[in-house]
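> First the structure, then my questions, so here it is.
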Amino acid sequence: MKKKRINRRKEVIRLIMIAAGITSAAFGLKGFLIPNEFIDGGVTGISLLISSLTGLPISALLIIINIPFIWLGYKRVDRIFALKTLVAILILSLILYVVKFPLVTNDKLLTAVFGGFFVGMGIGLAMRGGCVIDGTELLAVYINPRSFLSIGQIILVINVVIFSIAAFFLGVQSALYSILTYLAASQTINYIIQGFDEYTAVTIVSPQSELIKNVIMRHLHRGVTVYKGERGFGKTQFEDKNVDILFTIITRLDVQRLVTRVQQIDPSAFIITNSVSEVRGGLVKRKAFEH
């Protein structure tokens, strides 16, 4: 019974995120981008570009252009995801058609930055809620197994094509401002999805592993995993067959503090850091919007 209540609470929170995301995206579009004839990247950008060139309502174009991506969501994810996506896009289109948002500004720079911010926040919140209102990522995931490009590279290629067409029809200046809009939106999406505390994986190889492990656990209050390995140098020679390899996940704010403490213990310690896109469980600070 308790588990059902927790699951129900999580689902309510996800629905609130989707509703907030739809509202934010609609405000970004009607309050900034559409009145100033700016475009964004992805499916939203395609809809804005076609609307700018043909005069067709953006509310109708969002539904029509997103239909293939809803189908991809059904095939690649699941039926619930596709249903949520369909409903979210229909509500977004309805709001864009019915609700009158005030024009916030005519300043091009402010339009690019804040229009991208609100649209990006809307897309990010919808994704955290379990659906999408822009299907570019779904298209990239579908193309990825059939291409030598990564998902990120596929998205980049799609947007390069969109902005090239925009430069041809709308002018280079409009295309450049639209690129700025896209950058603001994509960075906002990253913050919403990954949280403001970006995580970093740290691998440490040192003979002083016991002392370093205590620093991680007692001073940083983080968990640590210990791998048993071999430390080698040269072509064939191994100097220690019982070295401990420490692995931990910390926030980027803690990286320099950990590196400084490790170097105080062992100046020759081998340290590797790399970004982590998502962390669940363990002794890591819970992310924003994580429930």
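Ordering of the structure tokens sets the chain letters (A, B, ...), residue numbers begin anew at 1 in every chain, and ligands are numbered from 1 in the order given.
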Running DSSP on the backbone, which parts of region 185-269 of chain A land in strand (DSSP E or B), as a ChimeraX atom specification?
/A:199-205,225-232,238-251
> Only C-alpha atoms, please: the residues just picked out, written as an mmCIF file, in the first residue's frame.

```
data_model
loop_
_atom_site.group_PDB
_atom_site.id
_atom_site.type_symbol
_atom_site.label_atom_id
_atom_site.label_comp_id
_atom_site.auth_asym_id
_atom_site.auth_seq_id
_atom_site.Cartn_x
_atom_site.Cartn_y
_atom_site.Cartn_z
ATOM 1 C CA TYR A 199 28.407 14.650 -11.346
ATOM 2 C CA THR A 200 31.965 13.588 -11.964
ATOM 3 C CA ALA A 201 33.388 10.075 -11.768
ATOM 4 C CA VAL A 202 36.854 9.957 -10.215
ATOM 5 C CA THR A 203 39.245 7.002 -10.481
ATOM 6 C CA ILE A 204 42.332 7.048 -8.260
ATOM 7 C CA VAL A 205 45.299 4.676 -8.330
ATOM 8 C CA THR A 225 34.168 1.376 -4.687
ATOM 9 C CA VAL A 226 37.465 -0.484 -4.478
ATOM 10 C CA TYR A 227 38.701 -2.559 -7.410
ATOM 11 C CA LYS A 228 41.633 -4.940 -7.079
ATOM 12 C CA GLY A 229 44.082 -4.440 -9.909
ATOM 13 C CA GLU A 230 47.640 -4.485 -11.140
ATOM 14 C CA ARG A 231 49.821 -1.444 -11.566
ATOM 15 C CA GLY A 232 52.170 -1.664 -14.528
ATOM 16 C CA PHE A 238 54.388 -5.000 -13.147
ATOM 17 C CA GLU A 239 55.462 -3.247 -9.976
ATOM 18 C CA ASP A 240 52.528 -4.183 -7.709
ATOM 19 C CA LYS A 241 49.943 -6.912 -8.241
ATOM 20 C CA ASN A 242 47.767 -5.915 -5.279
ATOM 21 C CA VAL A 243 47.054 -2.235 -5.889
ATOM 22 C CA ASP A 244 43.611 -0.866 -4.934
ATOM 23 C CA ILE A 245 41.800 1.206 -7.552
ATOM 24 C CA LEU A 246 39.344 3.663 -5.985
ATOM 25 C CA PHE A 247 36.232 4.785 -7.833
ATOM 26 C CA THR A 248 33.788 7.409 -6.566
ATOM 27 C CA ILE A 249 31.083 9.759 -7.854
ATOM 28 C CA ILE A 250 31.101 13.344 -6.579
ATOM 29 C CA THR A 251 29.672 16.693 -7.643
#
```
> Between region 77-160 of chain A and region 9-25 of chain A, at 8 Å or less, what are the per-residue closest atom pairs and their distances in Å? Count only C-alpha atoms, order by chain and rising residue number, and return it as CSV.

```
residue,atom,partner,partner_atom,distance
A:Ala88,CA,A:Ile22,CA,7.0
A:Ile91,CA,A:Ile22,CA,7.6
A:Leu92,CA,A:Ile22,CA,5.7
A:Phe118,CA,A:Ser24,CA,5.3
A:Val119,CA,A:Ala25,CA,4.2
A:Gly120,CA,A:Ala25,CA,7.2
A:Met121,CA,A:Gly21,CA,6.5
A:Gly122,CA,A:Gly21,CA,3.6
A:Ile123,CA,A:Gly21,CA,6.1
A:Gly124,CA,A:Gly21,CA,7.1
A:Leu125,CA,A:Gly21,CA,4.8
A:Ala126,CA,A:Ile18,CA,4.4
A:Met127,CA,A:Ile18,CA,7.7
A:Arg128,CA,A:Met17,CA,7.0
A:Gly129,CA,A:Arg14,CA,4.0
A:Gly130,CA,A:Arg14,CA,6.9
A:Cys131,CA,A:Ile18,CA,7.7
A:Ile133,CA,A:Ile22,CA,8.0
```
> If we count only C-alpha atoms and set the cut-off at 10 Å, which residues sit around Tyr177 (chain A), ignoring sequence neighbours fewer than 4 positions away in its own chain? Please answer as number ranges by chain.
A: 38-40, 108-109, 111-113, 172-173, 181-183
> May I have the selected residues written with C-alpha atoms, as a compact mmCIF listing (two decimals), in the first residue's frame?

```
# COMPACT_ATOMS: atom_id res chain seq x y z
CA PHE A 38 12.85 33.55 -34.42
CA ILE A 39 13.32 29.82 -34.75
CA ASP A 40 14.83 27.15 -32.55
CA LYS A 108 16.71 40.43 -30.55
CA LEU A 109 19.35 39.42 -28.04
CA THR A 111 14.47 37.25 -27.41
CA ALA A 112 17.18 34.75 -28.37
CA VAL A 113 18.41 34.18 -24.82
CA VAL A 172 22.04 35.25 -42.07
CA GLN A 173 21.38 37.57 -39.13
CA THR A 181 18.28 30.64 -29.23
CA TYR A 182 19.09 26.99 -29.80
CA LEU A 183 22.23 27.18 -27.65
```
